[in-house]
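Here is the structure we will look at, set down as structure tokens.
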Amino acid sequence: MLAAVGFSAAEAAALRAFSLAVPAEVFESSFAAHTDRLGPRPASTTQTVFLALLLERQHWGTADWLESLANTWLDCQHSGSPATLPATAGSCLVDGVRDALYAGNGSPGRAECDILAAAAKLAQTIQAMLATASLEQLDHRLAAGDGLDPVTGLPSRARFLQLLERCMNQSQRKSLGLLLLHVDWGPSAPQQLSAQRDRMRRTLSEAMSRVLRPGDLLCATADQEWALIMPELRSSGQVQLAARRLIEICERSPEHSFPQLRGAIHAGTACAPYDGDRPHTLEHAARAALHRAMRADVPVVSFHADMIAAMEHELELEREIARSMARPPFQVWLQPQIDLTSGRCAGAEGLLRWQRSNGEWIPPLQIVAIASRIGMMPGLSRWLLAQVARMIAELDAAGIALPVSLNLVAQDLHDEDLPQLVAQTLATWRVPAARLVLEVTEGALIGDRERAAHVIQQLRAQGCGVSLDDFGTGFSSLAYMRDLPVSELKIDQLFVRDMLHSVHDHAIVATVQALARGFGMTVVAEGVEDQATADELQRMGCDNAQGFLYARAMPLADFIPWVRLRNGC
């Protein structure tokens with residue numbers, strides 16, 4: 001990948017060596033020491049994301065990373081960041097690498113000089129890419145000066161706002177519909193050439209234009225978004241039917257025309273004057289509905305009054321997470337896992353917790369979803385791994401030798417550099433690999449099963465445990481048990497909680513237990529809330545249990561005395 005953007009093999013090797021040799025926190029601290037050159041704080045959210053991308057050493061120089069950096073830079077320009085940001089940030093990166101390498105240890109050697117030269121080349125590449133992105137955007141703006149999108153020939157966003165205002169002024173109390181449609185190009189879109197993306201946009205625009213009513217106005221408001229203005233509606237149901245019709249048209253596009261278009265398509269709808277009597281309020285309502293459709297992953301959502309507050313709350317969380325990723329406000333709490341035979345604490349699962357300054361607790365799944373959406377998940381995963389390794393080291397210091405589990409997301413499992421990151425983190429905290437158990441879900445294995453299997457094999461070869469979480473809720477459980485070197489299986493609480501009252505759930509738990517035993521796996525039952533369920537699990541031969549019967553998740557400071565009391569140590 002590095003060679004594709006002008007890096008020699010030696011430069012690529014030097015950058016990889018730096019990532020492996022220098023701990024992430026050392027480089028991040030060195031980089032942060034120079035960022036005062038970037039201007040007064042607080043920085044915009046987009047600038048924070050831009051700087052966070054520069055810290056992703058494992059992706060330095062890759063095509064995907066450079067494209068993300070270019071897109072974020074364009075957003076920075078829109079939010080008012082200075083034109084000197086790329087040059088200044090590149091200088092900070094090189095100085096950060098230099099300080100992290102030397103740290104007052106005398107004159108540099110050959111290896112350090114090679115790394116510095118590669119970092120300087122990286123900074124030059126960044127500046128060249130971002131300058132090109134700025135010029136391309138300027139060309140598009142000049143081409144769209146007549147109010148038409150240069151690719152599709154449809155009205156551009158600026159023209160859309162004018163058309164919407166004109167139509168609303170002419171409606172004279174008649175209902176007017178607004179539909180916003182968003183197409184996710186799918187996971188392979190970053191590898192596509194610009195010409196391919198343009199061709200897809202043109203073809204979709206032509207297909208949708210053919211099924212419109214006379215008087216409807218279709219506009220291309222963004223690279224992945226269209227807006228449909230529908231004057232003189234007889235009922236609000238018409239705009240919902242139109243949304244479903246356009247989604248159907250997009251999904252039926254010929255395979256040979258859209259080999260990579262396998263992402264989701266969503267639409268949000270709103271009607272004037274009920275959902276907004278001015279262009280900006282009507283668009284805001286339709287965008288809130290689109291936001292809800294994308295978050296809930298449903299095709300079409302119509303606006304309701306409560307959506308505005310929900311969308312603004314979600315955006316507020318996104319901004320807060322983006323601003324704070326250098327020093328995350330999160331915590332990791334531990335929930336005990338109990339040996340059903342001895343009753344002793346046999347391990348723990350590390351669970352993400354976040355209580356905002358206003359007292360609001362944010363669910364872990366929402367934190368992960370937001371971090372993934374804004375491109376912060378690699379940084380969050382790295383932070384979580386370091387926190388769990390530190391906690392294992394502190395448990396060791398307290399005389400408590402227990403394994404601790406940590407959940408991985410699909411993005412982690414498809415990162416071929418993950419085993420190296422895990423090994424480096426364990427070495428930094430002097431933690432035995434056997435004390436770390438990495439939990440994966442069946443859903444995380446679906447995207448690229450071969451790559452995920454390779455990563456799991458490397459983790460197991462290091463000595464880490466790997467647990468198959470939420471077992472039974474996916475579609476290929478038996479194949480995963482057969483093919484993957486998994487050491488532990490967790491039975492999902494969906495089946496455990498009602499197993500004493502449901503013949504089917506009881507049979508599922510018993511079958512899973514027998515299968516796991518046949519594969520030589522340890523079994524953990526989740527969601528154990530009463531002693532009768534624990535007794536039945538023990539009778540079946542289940543190894544460990546986790547749930548409110550024993551304890552909720554707790555901070556490390558509370559976990560240590562809890563374990564000592566439970567285990568009598």
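Each chain in the structure tokens gets a letter, A, B, ..., in the order shown, and its residues are numbered from 1; ligands are numbered from 1 in order too.
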
Distance query Ser467 of chain A at most 7 Å, only C-alpha atoms, self and fewer than 3 positions along chain excluded, as a PyMOL selection string: chain A and resi 437-440+486-490

Would you mind exporting N, CA and C atoms of the selected residues as a PDB file, in the first residue's frame?
ATOM      1  N   VAL A 437      -8.165 -12.443  27.538  1.00  0.00           N
ATOM      2  CA  VAL A 437      -9.110 -13.175  26.696  1.00  0.00           C
ATOM      3  C   VAL A 437      -9.824 -12.154  25.814  1.00  0.00           C
ATOM      4  N   LEU A 438      -9.768 -12.349  24.518  1.00  0.00           N
ATOM      5  CA  LEU A 438     -10.385 -11.423  23.571  1.00  0.00           C
ATOM      6  C   LEU A 438     -11.686 -12.053  23.052  1.00  0.00           C
ATOM      7  N   GLU A 439     -12.794 -11.346  23.268  1.00  0.00           N
ATOM      8  CA  GLU A 439     -14.108 -11.857  22.895  1.00  0.00           C
ATOM      9  C   GLU A 439     -14.502 -11.349  21.512  1.00  0.00           C
ATOM     10  N   VAL A 440     -14.976 -12.265  20.669  1.00  0.00           N
ATOM     11  CA  VAL A 440     -15.448 -11.911  19.330  1.00  0.00           C
ATOM     12  C   VAL A 440     -16.867 -12.437  19.170  1.00  0.00           C
ATOM     13  N   VAL A 486     -10.904 -21.298  18.781  1.00  0.00           N
ATOM     14  CA  VAL A 486     -11.498 -20.578  19.903  1.00  0.00           C
ATOM     15  C   VAL A 486     -11.334 -21.402  21.175  1.00  0.00           C
ATOM     16  N   SER A 487     -10.989 -20.741  22.285  1.00  0.00           N
ATOM     17  CA  SER A 487     -10.742 -21.457  23.534  1.00  0.00           C
ATOM     18  C   SER A 487     -11.931 -21.436  24.480  1.00  0.00           C
ATOM     19  N   GLU A 488     -12.869 -20.522  24.251  1.00  0.00           N
ATOM     20  CA  GLU A 488     -13.987 -20.349  25.180  1.00  0.00           C
ATOM     21  C   GLU A 488     -15.253 -20.005  24.400  1.00  0.00           C
ATOM     22  N   LEU A 489     -16.373 -20.405  24.945  1.00  0.00           N
ATOM     23  CA  LEU A 489     -17.664 -20.107  24.327  1.00  0.00           C
ATOM     24  C   LEU A 489     -18.586 -19.515  25.386  1.00  0.00           C
ATOM     25  N   LYS A 490     -19.252 -18.410  25.040  1.00  0.00           N
ATOM     26  CA  LYS A 490     -20.187 -17.770  25.969  1.00  0.00           C
ATOM     27  C   LYS A 490     -21.603 -17.958  25.458  1.00  0.00           C
TER      28      LYS A 490
END

Strand (DSSP E) residues, from DSSP on the backbone, in segment 148-227 of chain A, as a PyMOL selection string: chain A and resi 175-183+217-222+225-227

Within 7 Å of segment 70-85 of chain A using only C-alpha atoms, minus same-chain residues under 4 positions, as a PyMOL selection string: chain A and resi 38+46-47+50+66+89+129-130+133-134

Length of the atom CA of Ala10 of chain A to atom CA of Gly109 of chain A vector [Å]: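 Atom-to-atom, atom CA of Ala10 of chain A and atom CA of Gly109 of chain A are spaced 15.7 Å apart.
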
Contact residues around segment 504-518 of chain A with only C-alpha atoms at 10 Å, ignoring same-chain residues under 2 positions, as a VMD selection string: chain A and resid 471 to 472 477 to 478 481 487 to 492 494 to 502 520 to 525 536 to 537 540 to 543

Deliver the residues from the most recent selection as a file, using N, CA and C atoms, as a tab-separated table (two decimals), in the first residue's frame.
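Done, and the output landed in selection_33.tsv:
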chain	number	residue	atom	x	y	z
A	471	PHE	N	-23.03	-16.55	21.74
A	471	PHE	CA	-23.16	-17.75	20.91
A	471	PHE	C	-24.64	-18.13	20.74
A	472	GLY	N	-24.97	-18.52	19.51
A	472	GLY	CA	-26.32	-18.98	19.20
A	472	GLY	C	-27.19	-17.93	18.57
A	477	SER	N	-22.85	-20.82	13.63
A	477	SER	CA	-22.18	-21.14	14.88
A	477	SER	C	-21.34	-22.42	14.79
A	478	LEU	N	-21.91	-23.48	14.24
A	478	LEU	CA	-21.20	-24.75	14.20
A	478	LEU	C	-19.96	-24.66	13.34
A	481	MET	N	-17.25	-22.99	15.35
A	481	MET	CA	-16.70	-23.89	16.36
A	481	MET	C	-15.73	-24.89	15.73
A	487	SER	N	-10.99	-20.74	22.29
A	487	SER	CA	-10.74	-21.46	23.53
A	487	SER	C	-11.93	-21.44	24.48
A	488	GLU	N	-12.87	-20.52	24.25
A	488	GLU	CA	-13.99	-20.35	25.18
A	488	GLU	C	-15.25	-20.00	24.40
A	489	LEU	N	-16.37	-20.41	24.94
A	489	LEU	CA	-17.66	-20.11	24.33
A	489	LEU	C	-18.59	-19.52	25.39
A	490	LYS	N	-19.25	-18.41	25.04
A	490	LYS	CA	-20.19	-17.77	25.97
A	490	LYS	C	-21.60	-17.96	25.46
A	491	ILE	N	-22.44	-18.58	26.28
A	491	ILE	CA	-23.84	-18.78	25.90
A	491	ILE	C	-24.60	-17.49	26.18
A	492	ASP	N	-25.27	-16.98	25.17
A	492	ASP	CA	-25.94	-15.69	25.29
A	492	ASP	C	-27.06	-15.72	26.33
A	494	LEU	N	-29.81	-14.43	26.24
A	494	LEU	CA	-31.12	-14.62	25.62
A	494	LEU	C	-31.67	-16.01	25.90
A	495	PHE	N	-30.77	-17.02	25.97
A	495	PHE	CA	-31.20	-18.40	26.21
A	495	PHE	C	-31.12	-18.78	27.68
A	496	VAL	N	-30.23	-18.13	28.43
A	496	VAL	CA	-29.98	-18.52	29.82
A	496	VAL	C	-31.09	-18.04	30.75
A	497	ARG	N	-31.57	-16.83	30.57
A	497	ARG	CA	-32.48	-16.22	31.54
A	497	ARG	C	-33.78	-17.00	31.71
A	498	ASP	N	-34.31	-17.58	30.61
A	498	ASP	CA	-35.59	-18.28	30.70
A	498	ASP	C	-35.45	-19.79	30.55
A	499	MET	N	-34.26	-20.32	30.73
A	499	MET	CA	-34.05	-21.74	30.46
A	499	MET	C	-34.84	-22.65	31.40
A	500	LEU	N	-35.19	-22.16	32.61
A	500	LEU	CA	-35.97	-22.99	33.54
A	500	LEU	C	-37.46	-22.99	33.20
A	501	HIS	N	-37.86	-22.04	32.36
A	501	HIS	CA	-39.28	-21.91	32.03
A	501	HIS	C	-39.56	-22.18	30.56
A	502	SER	N	-38.53	-22.37	29.77
A	502	SER	CA	-38.71	-22.62	28.34
A	502	SER	C	-37.99	-23.91	27.96
A	520	GLY	N	-13.64	-29.23	23.42
A	520	GLY	CA	-12.63	-28.90	24.42
A	520	GLY	C	-12.61	-27.44	24.83
A	521	MET	N	-13.76	-26.78	24.75
A	521	MET	CA	-13.84	-25.36	25.09
A	521	MET	C	-14.37	-25.15	26.50
A	522	THR	N	-13.92	-24.10	27.15
A	522	THR	CA	-14.53	-23.64	28.39
A	522	THR	C	-15.85	-22.95	28.05
A	523	VAL	N	-16.86	-23.14	28.91
A	523	VAL	CA	-18.17	-22.54	28.65
A	523	VAL	C	-18.51	-21.54	29.75
A	524	VAL	N	-18.94	-20.35	29.35
A	524	VAL	CA	-19.39	-19.31	30.27
A	524	VAL	C	-20.84	-18.99	29.94
A	525	ALA	N	-21.72	-19.03	30.93
A	525	ALA	CA	-23.13	-18.68	30.75
A	525	ALA	C	-23.35	-17.24	31.21
A	536	GLU	N	-28.79	-25.43	37.84
A	536	GLU	CA	-29.06	-26.24	36.65
A	536	GLU	C	-27.89	-26.19	35.68
A	537	LEU	N	-27.26	-25.02	35.55
A	537	LEU	CA	-26.08	-24.90	34.69
A	537	LEU	C	-24.94	-25.78	35.21
A	540	MET	N	-25.52	-29.34	34.34
A	540	MET	CA	-25.23	-29.61	32.94
A	540	MET	C	-23.74	-29.74	32.66
A	541	GLY	N	-22.91	-29.21	33.58
A	541	GLY	CA	-21.46	-29.25	33.36
A	541	GLY	C	-20.87	-27.94	32.89
A	542	CYS	N	-21.65	-26.85	32.94
A	542	CYS	CA	-21.15	-25.54	32.54
A	542	CYS	C	-20.01	-25.13	33.48
A	543	ASP	N	-18.98	-24.49	32.96
A	543	ASP	CA	-17.80	-24.15	33.77
A	543	ASP	C	-18.02	-22.90	34.62

Shortest interatomic distance to Phe330 of chain A - which of A:Ala33, A:Ala227, A:Ile362, A:Leu101, counting only C-alpha atoms: A:Ile362

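Our summary of the geometry notes that atom CA of Arg373 of chain A is positioned 28.4 Å from atom CA of Ser91 of chain A.
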
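Residue neighbourhood of segment 154-161 of chain A, excluding near-sequence residues (fewer than 4 positions): Ala144, Gly145, Asp146, Gly147, Leu148, Asp149, Pro150, Glu165, Arg166, Cys167, Arg202, Ser205, Glu206, Ser209, Leu217, Leu218, Cys219, Ala220, Thr221, Ala222, Glu225, Trp226, Ala227, Leu228, Ile229, Pro279, His280 and Glu283 of chain A, at 10 Å, using only C-alpha atoms.
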
Test item, helix (DSSP H, G or I) assignment across segment 138-312 of chain A, answer as a ChimeraX atom specification: /A:138-146,157-171,189-191,194-209,237-251,279-296,306-312

Contacts of segment 331-347 of chain A within 7 Å, only C-alpha atoms, excl. fewer than 4 positions in-chain, as a ChimeraX atom specification: /A:351-354,402-404,538,543-546,551-556,559,563,566-567

Go ahead and dump the residues you just picked, N, CA and C atoms, as a compact mmCIF listing (two decimals), in the first residue's frame.
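To be explicit, this is the file written out as part22.txt:
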# COMPACT_ATOMS: atom_id res chain seq x y z
N LEU A 351 -15.80 -4.10 30.90
CA LEU A 351 -16.94 -3.47 30.24
C LEU A 351 -16.77 -1.96 30.21
N LEU A 352 -17.06 -1.35 29.06
CA LEU A 352 -16.90 0.09 28.87
C LEU A 352 -18.01 0.84 29.60
N ARG A 353 -17.62 1.90 30.30
CA ARG A 353 -18.59 2.74 31.01
C ARG A 353 -18.26 4.21 30.75
N TRP A 354 -19.34 5.04 30.63
CA TRP A 354 -19.16 6.48 30.46
C TRP A 354 -20.30 7.22 31.13
N LEU A 402 -6.08 -13.37 37.79
CA LEU A 402 -7.31 -13.76 37.08
C LEU A 402 -7.23 -13.30 35.63
N PRO A 403 -7.80 -14.08 34.71
CA PRO A 403 -7.89 -13.60 33.32
C PRO A 403 -8.99 -12.55 33.20
N VAL A 404 -8.78 -11.61 32.29
CA VAL A 404 -9.76 -10.56 32.03
C VAL A 404 -10.10 -10.57 30.54
N GLN A 538 -24.76 -25.79 36.52
CA GLN A 538 -23.71 -26.64 37.11
C GLN A 538 -24.01 -28.11 36.85
N ASP A 543 -18.98 -24.49 32.96
CA ASP A 543 -17.80 -24.15 33.77
C ASP A 543 -18.02 -22.90 34.62
N ASN A 544 -18.33 -21.78 33.95
CA ASN A 544 -18.41 -20.50 34.64
C ASN A 544 -19.73 -19.79 34.34
N ALA A 545 -20.10 -18.87 35.26
CA ALA A 545 -21.33 -18.11 35.09
C ALA A 545 -21.05 -16.64 35.37
N GLN A 546 -21.84 -15.79 34.74
CA GLN A 546 -21.68 -14.34 34.86
C GLN A 546 -23.07 -13.74 34.90
N ALA A 551 -22.73 -10.39 40.85
CA ALA A 551 -22.35 -8.97 40.98
C ALA A 551 -22.54 -8.28 39.64
N ARG A 552 -22.81 -7.00 39.73
CA ARG A 552 -22.79 -6.15 38.54
C ARG A 552 -21.34 -5.73 38.28
N ALA A 553 -21.10 -5.12 37.13
CA ALA A 553 -19.76 -4.61 36.84
C ALA A 553 -19.40 -3.52 37.85
N MET A 554 -18.12 -3.44 38.19
CA MET A 554 -17.67 -2.49 39.21
C MET A 554 -16.28 -1.98 38.87
N PRO A 555 -15.90 -0.81 39.39
CA PRO A 555 -14.54 -0.30 39.17
C PRO A 555 -13.50 -1.23 39.80
N LEU A 556 -12.27 -1.15 39.32
CA LEU A 556 -11.20 -2.01 39.82
C LEU A 556 -11.01 -1.84 41.33
N PHE A 559 -13.51 -3.99 42.80
CA PHE A 559 -13.40 -5.38 42.39
C PHE A 559 -12.37 -6.13 43.24
N VAL A 563 -13.20 -9.59 45.23
CA VAL A 563 -12.60 -10.89 44.92
C VAL A 563 -11.94 -11.48 46.16
N ARG A 566 -14.62 -12.92 48.27
CA ARG A 566 -15.25 -14.09 47.63
C ARG A 566 -14.32 -15.30 47.65
N ASN A 567 -13.04 -15.07 47.36
CA ASN A 567 -12.09 -16.17 47.24
C ASN A 567 -11.32 -16.46 48.52
